Every structure is written in C-alpha cells, then in structure tokens.
Amino acid sequence: MEKRCANGWVSDARRCESPHFNARPLNEVSMLVIHNISLPAGCFGKSYIDQLFNGCLDVSADPSFIDLKGLEVSAHFLIRRDGELVQYVSCDERAWHAGVSSYGTREGCNDFAIGIELEGTDTLAYTEQQYLELKTLTLALFDAYPMLNTDRVVGHCDIAPGRKTDPGESFDWQRFKKDLS
C-alpha cells in the first residue's frame with residue numbers, strides 16, 4: 001500500500017503522539033536523519049521507546065535507564081524490527097531527535113530535519129522489513145516535502161560527528177540509496 005503524508009501525518013503509521021516537540025522556526029523540511037535506538041541497548045520489541053518519547057519511561061525498569069531520567073526527546077518516526085511504523089510527531093513540527101548538530105553551515109538540524117529511528121544497534125544488521133518500510137516512508141516524504149531528495153538523507157553520525165555513530169556500520173547506505181532510485 002502506498003503511503004501518503006497529509007498535514008504532517010503519514011497514513012497507516014501507528015500514532016503515539018509525543019509532547020516533546022515545538023514549532024519549526026522557518027516551517028522548512030529539507031533533510032531526513034536516520035538514527036537507531038534500542039531500550040535497553042540491544043533489546044527489541046518492548047514498549048520502552050514509546051514510553052521514552054512520551055516522557056513516561058519508568059527509569060527503575062532497567063539499570064541503564066537511570067541516565068534517561070527527565071530526558072525530553074522524540075523523533076518523528078520509529079521503524080520497529082518487524083517493519084511496524086510508529087509516528088510520534090507531525091513532520092510539520094520540530095521533534096527533538098538530533099541534539100547539538102550541524103549540516104554544512106547550518107546549526108540545529110531539528111529545525112529543518114525529520115528524524116527516523118530504526119529499532120536496532122550500530123552493529124546488528126537491520127531487517128528486510130525495516131528497509132522496505134524505510135523506502136516506502138522516505139518516498140512518501142519526498143512526495144510531501146519538495147526540498148527532500150536522496151542527497152538530503154543523512155545519518156545522525158553525519159550531523160553530530162564524534163558525538164553520535166548511528167545508524168552505524170550495519171546500515172546499508174548503498175542498498176538504501178539504490179532502493180530510492
């Protein structure tokens with residue numbers, strides 16, 4: 001099924017709306033940032049990511065969560081290992097995914113980027129379902145936001161070098177870019 005993006009929301013994504021967003025200062029969407037996430041690290045299929053992005057993570061649930069206490073973070077999308085697409089923030093709003101970041105001469109990539117989280121780690125291969133969903137989602141976003149194109153898709157590592165490494169060595173950029181052509 002072809003995805004559509006209307007008013008910043010993508011059809012058939014499970015909505016799990018986060019309170020962690022604000023207005024884009026220039027109403028510009030001109031970049032996609034690919035991330036990875038797993039909570040706890042290397043564990044998949046749990047509800048902890050939804051809880052984190054909604055500000056209700058029980059930090060006592062795992063010892064590794066203590067550093068996440070009070071953290072206000074979100075992304076626009078999560079693609080789970082089974083290919084499920086979850087949307088937390090409208091693409092027309094600024095999600096809080098990139099942190100301190102820059103691209104070229106521009107600072108603050110959250111202002112103009114859409115953040116897509118892949119459930120995974122830097123070193124574990126992503127699933128076929130994730131690549132298929134990422135392709136379909138990316139093409140829908142290209143249709144909805146004319147400033148987006150394959151040259152404007154980057155990893156978190158590209159906008160926060162030295163601080164972030166995701167989506168990691170396990171992400172097949174060549175395959176992904178070929179899928180988009």
# chains A, B, ... in the order shown; residues from 1 in each chain; ligands from 1
call {"tool": "closest_atom_pairs", "arguments": {"of": "range 67-108 of chain A", "to": "range 122-143 of chain A", "cutoff": "8 Å", "atoms": "only C-alpha atoms", "output": "Markdown table"}}
result
| residue | atom | partner | partner_atom | distance |
| --- | --- | --- | --- | --- |
| A:Ile79 | CA | A:Gln130 | CA | 6.2 |
| A:Arg80 | CA | A:Gln130 | CA | 6.9 |
| A:Arg81 | CA | A:Gln130 | CA | 6.1 |
| A:Asp82 | CA | A:Gln129 | CA | 5.9 |
| A:Gly83 | CA | A:Gln129 | CA | 4.6 |
| A:Glu84 | CA | A:Glu133 | CA | 7.8 |
| A:Leu85 | CA | A:Glu133 | CA | 7.4 |
call {"tool": "residues_around", "arguments": {"residues": "range 148-153 of chain A", "least_positions_apart": "3", "cutoff": "9 Å", "atoms": "only C-alpha atoms", "output": "ChimeraX atom specification"}}
result
/A:29-34,139,141-145,177,180-181
call {"tool": "closest_residue", "arguments": {"among": "A:Leu26, A:Gly162, A:Leu57, A:Gly168", "to": "Cys109 in chain A", "atoms": "only C-alpha atoms"}}
result
A:Leu26
call {"tool": "closest_residue", "arguments": {"among": "A:Gln87, A:Ser64, A:Thr105, A:Thr121", "to": "Ala13 in chain A", "atoms": "only C-alpha atoms"}}
result
A:Gln87
call {"tool": "select_by_dssp", "arguments": {"residues": "chain A", "states": "helix (DSSP H, G or I)", "output": "number ranges by chain"}}
result
A: 48-53, 63-68, 109-111, 128-144, 150-152, 156-159, 173-180
call {"tool": "residues_around", "arguments": {"residues": "Ser60 in chain A", "least_positions_apart": "6", "cutoff": "12 Å", "atoms": "only C-alpha atoms", "output": "list of chain:residue names"}}
result
A:Pro40, A:Tyr48, A:Ile66, A:Asp67, A:Leu68, A:Lys69
call {"tool": "residues_around", "arguments": {"residues": "range 7-11 of chain A", "least_positions_apart": "6", "cutoff": "6 Å", "atoms": "only C-alpha atoms", "output": "MDAnalysis selection string"}}
result
chainID A and resid 90:92
call {"tool": "residues_around", "arguments": {"residues": "Ile49 in chain A", "least_positions_apart": "3", "cutoff": "12 Å", "atoms": "only C-alpha atoms", "output": "PyMOL selection string"}}
result
chain A and resi 16+18+36-41+43-46+52-58+65+68+73-75+77-80+86-88+117-120
call {"tool": "write_last_selection", "arguments": {"atoms": "N, CA, C and O atoms", "output": "compact mmCIF listing (two decimals), in the first residue's frame"}}
result
# COMPACT_ATOMS: atom_id res chain seq x y z
N CYS A 16 1.49 7.61 18.16
CA CYS A 16 1.81 7.57 19.58
C CYS A 16 2.36 8.96 19.91
O CYS A 16 3.56 9.15 20.04
N SER A 18 3.81 12.34 20.92
CA SER A 18 4.74 12.79 21.95
C SER A 18 4.47 14.25 22.32
O SER A 18 4.15 15.06 21.45
N ASN A 36 19.38 5.15 15.09
CA ASN A 36 18.95 3.86 15.62
C ASN A 36 18.72 4.01 17.12
O ASN A 36 19.25 4.93 17.75
N ILE A 37 17.91 3.11 17.65
CA ILE A 37 17.59 3.12 19.08
C ILE A 37 17.18 1.73 19.51
O ILE A 37 16.56 0.99 18.74
N SER A 38 17.55 1.38 20.72
CA SER A 38 17.04 0.18 21.38
C SER A 38 17.10 0.43 22.88
O SER A 38 18.04 1.05 23.37
N LEU A 39 16.06 -0.02 23.56
CA LEU A 39 15.98 0.17 25.02
C LEU A 39 15.48 -1.12 25.65
O LEU A 39 14.39 -1.58 25.31
N PRO A 40 16.27 -1.66 26.60
CA PRO A 40 17.69 -1.39 26.84
C PRO A 40 18.51 -1.72 25.59
O PRO A 40 18.00 -2.34 24.67
N ALA A 41 19.74 -1.30 25.59
CA ALA A 41 20.61 -1.49 24.42
C ALA A 41 20.59 -2.94 23.96
O ALA A 41 20.79 -3.85 24.76
N CYS A 43 18.03 -4.69 23.02
CA CYS A 43 16.75 -5.37 23.27
C CYS A 43 15.68 -4.75 22.38
O CYS A 43 15.62 -3.53 22.24
N PHE A 44 14.85 -5.59 21.81
CA PHE A 44 13.87 -5.11 20.83
C PHE A 44 12.46 -5.57 21.19
O PHE A 44 12.27 -6.53 21.91
N GLY A 45 11.48 -4.84 20.62
CA GLY A 45 10.09 -5.23 20.73
C GLY A 45 9.40 -4.83 22.02
O GLY A 45 8.25 -5.21 22.25
N LYS A 46 10.04 -4.07 22.85
CA LYS A 46 9.44 -3.64 24.11
C LYS A 46 8.78 -2.28 23.93
O LYS A 46 8.95 -1.62 22.91
N LEU A 52 9.71 6.41 26.39
CA LEU A 52 10.73 7.47 26.40
C LEU A 52 10.26 8.69 25.63
O LEU A 52 10.34 9.82 26.13
N PHE A 53 9.74 8.47 24.42
CA PHE A 53 9.33 9.60 23.59
C PHE A 53 8.07 10.29 24.13
O PHE A 53 7.76 11.40 23.70
N ASN A 54 7.38 9.65 25.05
CA ASN A 54 6.20 10.25 25.65
C ASN A 54 6.45 10.77 27.07
O ASN A 54 5.52 11.22 27.73
N GLY A 55 7.70 10.68 27.52
CA GLY A 55 8.05 11.24 28.83
C GLY A 55 7.53 10.45 30.00
O GLY A 55 7.39 10.99 31.11
N CYS A 56 7.26 9.16 29.80
CA CYS A 56 6.73 8.35 30.90
C CYS A 56 7.53 7.07 31.11
O CYS A 56 6.98 6.08 31.60
N LEU A 57 8.80 7.08 30.77
CA LEU A 57 9.65 5.90 30.96
C LEU A 57 9.90 5.68 32.45
O LEU A 57 10.35 6.60 33.15
N ASP A 58 9.62 4.49 32.91
CA ASP A 58 9.93 4.11 34.29
C ASP A 58 11.42 3.80 34.36
O ASP A 58 11.86 2.74 33.93
N PHE A 65 18.56 2.74 32.38
CA PHE A 65 17.64 3.85 32.13
C PHE A 65 17.87 5.05 33.05
O PHE A 65 17.31 6.11 32.81
N LEU A 68 18.42 8.39 31.65
CA LEU A 68 17.34 8.93 30.84
C LEU A 68 16.30 9.69 31.66
O LEU A 68 15.37 10.27 31.10
N VAL A 73 12.89 13.93 24.77
CA VAL A 73 13.39 13.58 23.44
C VAL A 73 12.26 12.95 22.65
O VAL A 73 11.32 12.40 23.21
N SER A 74 12.36 13.07 21.33
CA SER A 74 11.37 12.46 20.45
C SER A 74 11.98 12.31 19.07
O SER A 74 13.05 12.84 18.79
N ALA A 75 11.28 11.61 18.24
CA ALA A 75 11.60 11.52 16.82
C ALA A 75 10.27 11.60 16.09
O ALA A 75 9.21 11.47 16.71
N PHE A 77 9.53 9.43 13.61
CA PHE A 77 9.15 8.05 13.30
C PHE A 77 10.07 7.06 13.98
O PHE A 77 11.24 7.33 14.24
N LEU A 78 9.52 5.86 14.18
CA LEU A 78 10.27 4.68 14.57
C LEU A 78 9.84 3.57 13.63
O LEU A 78 8.64 3.39 13.38
N ILE A 79 10.81 2.83 13.10
CA ILE A 79 10.52 1.62 12.35
C ILE A 79 11.05 0.45 13.17
O ILE A 79 12.26 0.31 13.35
N ARG A 80 10.12 -0.34 13.68
CA ARG A 80 10.48 -1.48 14.52
C ARG A 80 11.07 -2.61 13.67
O ARG A 80 10.98 -2.60 12.45
N VAL A 86 5.76 3.68 13.50
CA VAL A 86 5.16 4.46 14.57
C VAL A 86 5.51 5.92 14.32
O VAL A 86 6.66 6.23 14.00
N GLN A 87 4.53 6.80 14.46
CA GLN A 87 4.79 8.23 14.32
C GLN A 87 4.47 8.93 15.64
O GLN A 87 3.40 8.75 16.21
N TYR A 88 5.43 9.76 16.09
CA TYR A 88 5.33 10.45 17.37
C TYR A 88 5.03 11.94 17.23
O TYR A 88 4.41 12.53 18.10
N GLU A 117 13.89 6.89 13.40
CA GLU A 117 14.62 5.93 14.23
C GLU A 117 14.38 4.53 13.70
O GLU A 117 13.24 4.17 13.39
N LEU A 118 15.44 3.75 13.59
CA LEU A 118 15.33 2.33 13.28
C LEU A 118 15.60 1.57 14.56
O LEU A 118 16.60 1.85 15.24
N GLU A 119 14.72 0.66 14.92
CA GLU A 119 14.97 -0.14 16.11
C GLU A 119 16.16 -1.04 15.80
O GLU A 119 16.09 -1.91 14.93
N GLY A 120 17.28 -0.77 16.47
CA GLY A 120 18.49 -1.53 16.19
C GLY A 120 19.69 -0.97 16.90
O GLY A 120 19.57 -0.14 17.80
call {"tool": "atom_distance", "arguments": {"atom1": "CA of Pro167 in chain A", "atom2": "CA of His35 in chain A"}}
result
4.8 Å
call {"tool": "select_by_dssp", "arguments": {"residues": "chain A", "states": "strand (DSSP E or B)", "output": "PyMOL selection string"}}
result
chain A and resi 5-6+9-10+14-15+21-23+31-37+77-79+85-87+93-95+102-103+106-107+113-119+153-155
call {"tool": "write_last_selection", "arguments": {"atoms": "N, CA, C and O atoms", "output": "compact mmCIF listing (two decimals), in the first residue's frame"}}
result
# COMPACT_ATOMS: atom_id res chain seq x y z
N CYS A 5 1.35 11.34 3.00
CA CYS A 5 1.62 12.24 4.11
C CYS A 5 0.72 13.46 3.94
O CYS A 5 0.82 14.17 2.94
N ALA A 6 -0.18 13.66 4.89
CA ALA A 6 -1.10 14.80 4.84
C ALA A 6 -1.06 15.51 6.18
O ALA A 6 -1.15 14.87 7.24
N TRP A 9 1.19 14.04 8.90
CA TRP A 9 0.97 12.69 9.42
C TRP A 9 0.93 11.69 8.27
O TRP A 9 0.34 11.96 7.24
N VAL A 10 1.56 10.55 8.48
CA VAL A 10 1.66 9.53 7.44
C VAL A 10 0.57 8.48 7.65
O VAL A 10 0.37 7.97 8.77
N ARG A 14 1.20 3.91 13.10
CA ARG A 14 0.56 3.91 14.41
C ARG A 14 0.93 5.21 15.11
O ARG A 14 2.10 5.52 15.26
N ARG A 15 -0.05 5.98 15.50
CA ARG A 15 0.21 7.26 16.18
C ARG A 15 0.42 7.02 17.67
O ARG A 15 -0.38 6.36 18.32
N PHE A 21 7.91 18.28 21.37
CA PHE A 21 8.06 18.91 20.06
C PHE A 21 7.74 20.39 20.21
O PHE A 21 7.20 20.82 21.22
N ASN A 22 8.09 21.15 19.19
CA ASN A 22 7.67 22.55 19.12
C ASN A 22 7.65 22.96 17.65
O ASN A 22 7.90 22.15 16.77
N ALA A 23 7.36 24.22 17.40
CA ALA A 23 7.22 24.71 16.03
C ALA A 23 8.57 24.81 15.34
O ALA A 23 9.58 25.16 15.97
N MET A 31 15.60 17.87 5.22
CA MET A 31 16.56 16.81 5.50
C MET A 31 15.87 15.67 6.25
O MET A 31 14.96 15.91 7.03
N LEU A 32 16.34 14.45 5.97
CA LEU A 32 15.96 13.27 6.75
C LEU A 32 17.19 12.80 7.49
O LEU A 32 18.27 12.70 6.90
N VAL A 33 17.03 12.50 8.77
CA VAL A 33 18.14 11.98 9.58
C VAL A 33 17.76 10.57 10.03
O VAL A 33 16.72 10.36 10.65
N ILE A 34 18.64 9.61 9.71
CA ILE A 34 18.44 8.21 10.09
C ILE A 34 19.20 7.95 11.39
O ILE A 34 20.39 8.25 11.49
N HIS A 35 18.49 7.41 12.37
CA HIS A 35 19.04 7.09 13.69
C HIS A 35 18.83 5.60 13.96
O HIS A 35 18.15 4.92 13.21
N ASN A 36 19.38 5.15 15.09
CA ASN A 36 18.95 3.86 15.62
C ASN A 36 18.72 4.01 17.12
O ASN A 36 19.25 4.93 17.75
N ILE A 37 17.91 3.11 17.65
CA ILE A 37 17.59 3.12 19.08
C ILE A 37 17.18 1.73 19.51
O ILE A 37 16.56 0.99 18.74
N PHE A 77 9.53 9.43 13.61
CA PHE A 77 9.15 8.05 13.30
C PHE A 77 10.07 7.06 13.98
O PHE A 77 11.24 7.33 14.24
N LEU A 78 9.52 5.86 14.18
CA LEU A 78 10.27 4.68 14.57
C LEU A 78 9.84 3.57 13.63
O LEU A 78 8.64 3.39 13.38
N ILE A 79 10.81 2.83 13.10
CA ILE A 79 10.52 1.62 12.35
C ILE A 79 11.05 0.45 13.17
O ILE A 79 12.26 0.31 13.35
N LEU A 85 5.52 0.81 11.60
CA LEU A 85 5.84 2.23 11.57
C LEU A 85 5.04 2.94 12.65
O LEU A 85 3.82 2.82 12.71
N VAL A 86 5.76 3.68 13.50
CA VAL A 86 5.16 4.46 14.57
C VAL A 86 5.51 5.92 14.32
O VAL A 86 6.66 6.23 14.00
N GLN A 87 4.53 6.80 14.46
CA GLN A 87 4.79 8.23 14.32
C GLN A 87 4.47 8.93 15.64
O GLN A 87 3.40 8.75 16.21
N GLU A 93 6.10 19.73 12.48
CA GLU A 93 6.62 20.24 13.75
C GLU A 93 8.06 19.78 13.95
O GLU A 93 8.53 18.87 13.28
N ARG A 94 8.73 20.40 14.89
CA ARG A 94 10.13 20.07 15.20
C ARG A 94 10.17 19.04 16.32
O ARG A 94 9.78 19.34 17.45
N ALA A 95 10.60 17.82 15.99
CA ALA A 95 10.85 16.79 17.00
C ALA A 95 12.25 17.03 17.57
O ALA A 95 13.08 17.69 16.95
N SER A 102 24.89 19.93 13.29
CA SER A 102 25.07 20.88 12.19
C SER A 102 25.21 20.11 10.89
O SER A 102 25.63 18.95 10.86
N TYR A 103 24.83 20.80 9.81
CA TYR A 103 24.97 20.22 8.47
C TYR A 103 25.44 21.35 7.57
O TYR A 103 24.74 22.36 7.42
N ARG A 106 24.86 25.10 8.57
CA ARG A 106 23.64 25.28 9.38
C ARG A 106 23.74 24.52 10.70
O ARG A 106 24.11 23.35 10.72
N GLU A 107 23.38 25.18 11.76
CA GLU A 107 23.32 24.58 13.09
C GLU A 107 21.87 24.18 13.40
O GLU A 107 20.94 24.67 12.77
N ALA A 113 14.86 19.16 9.95
CA ALA A 113 15.00 17.74 9.64
C ALA A 113 13.84 16.92 10.20
O ALA A 113 13.22 17.27 11.20
N ILE A 114 13.58 15.81 9.53
CA ILE A 114 12.69 14.76 10.02
C ILE A 114 13.57 13.64 10.55
O ILE A 114 14.50 13.20 9.86
N GLY A 115 13.30 13.19 11.75
CA GLY A 115 14.08 12.12 12.38
C GLY A 115 13.38 10.78 12.27
O GLY A 115 12.22 10.65 12.67
N ILE A 116 14.08 9.80 11.71
CA ILE A 116 13.56 8.44 11.57
C ILE A 116 14.46 7.51 12.38
O ILE A 116 15.65 7.37 12.09
N GLU A 117 13.89 6.89 13.40
CA GLU A 117 14.62 5.93 14.23
C GLU A 117 14.38 4.53 13.70
O GLU A 117 13.24 4.17 13.39
N LEU A 118 15.44 3.75 13.59
CA LEU A 118 15.33 2.33 13.28
C LEU A 118 15.60 1.57 14.56
O LEU A 118 16.60 1.85 15.24
N GLU A 119 14.72 0.66 14.92
CA GLU A 119 14.97 -0.14 16.11
C GLU A 119 16.16 -1.04 15.80
O GLU A 119 16.09 -1.91 14.93
N VAL A 153 19.48 13.01 2.70
CA VAL A 153 19.26 11.95 3.68
C VAL A 153 20.61 11.63 4.30
O VAL A 153 21.56 11.28 3.59
N VAL A 154 20.70 11.78 5.61
CA VAL A 154 21.98 11.60 6.31
C VAL A 154 21.78 10.74 7.56
O VAL A 154 20.67 10.53 8.01
N GLY A 155 22.88 10.31 8.11
CA GLY A 155 22.86 9.61 9.38
C GLY A 155 23.08 10.59 10.52
O GLY A 155 23.62 11.69 10.32
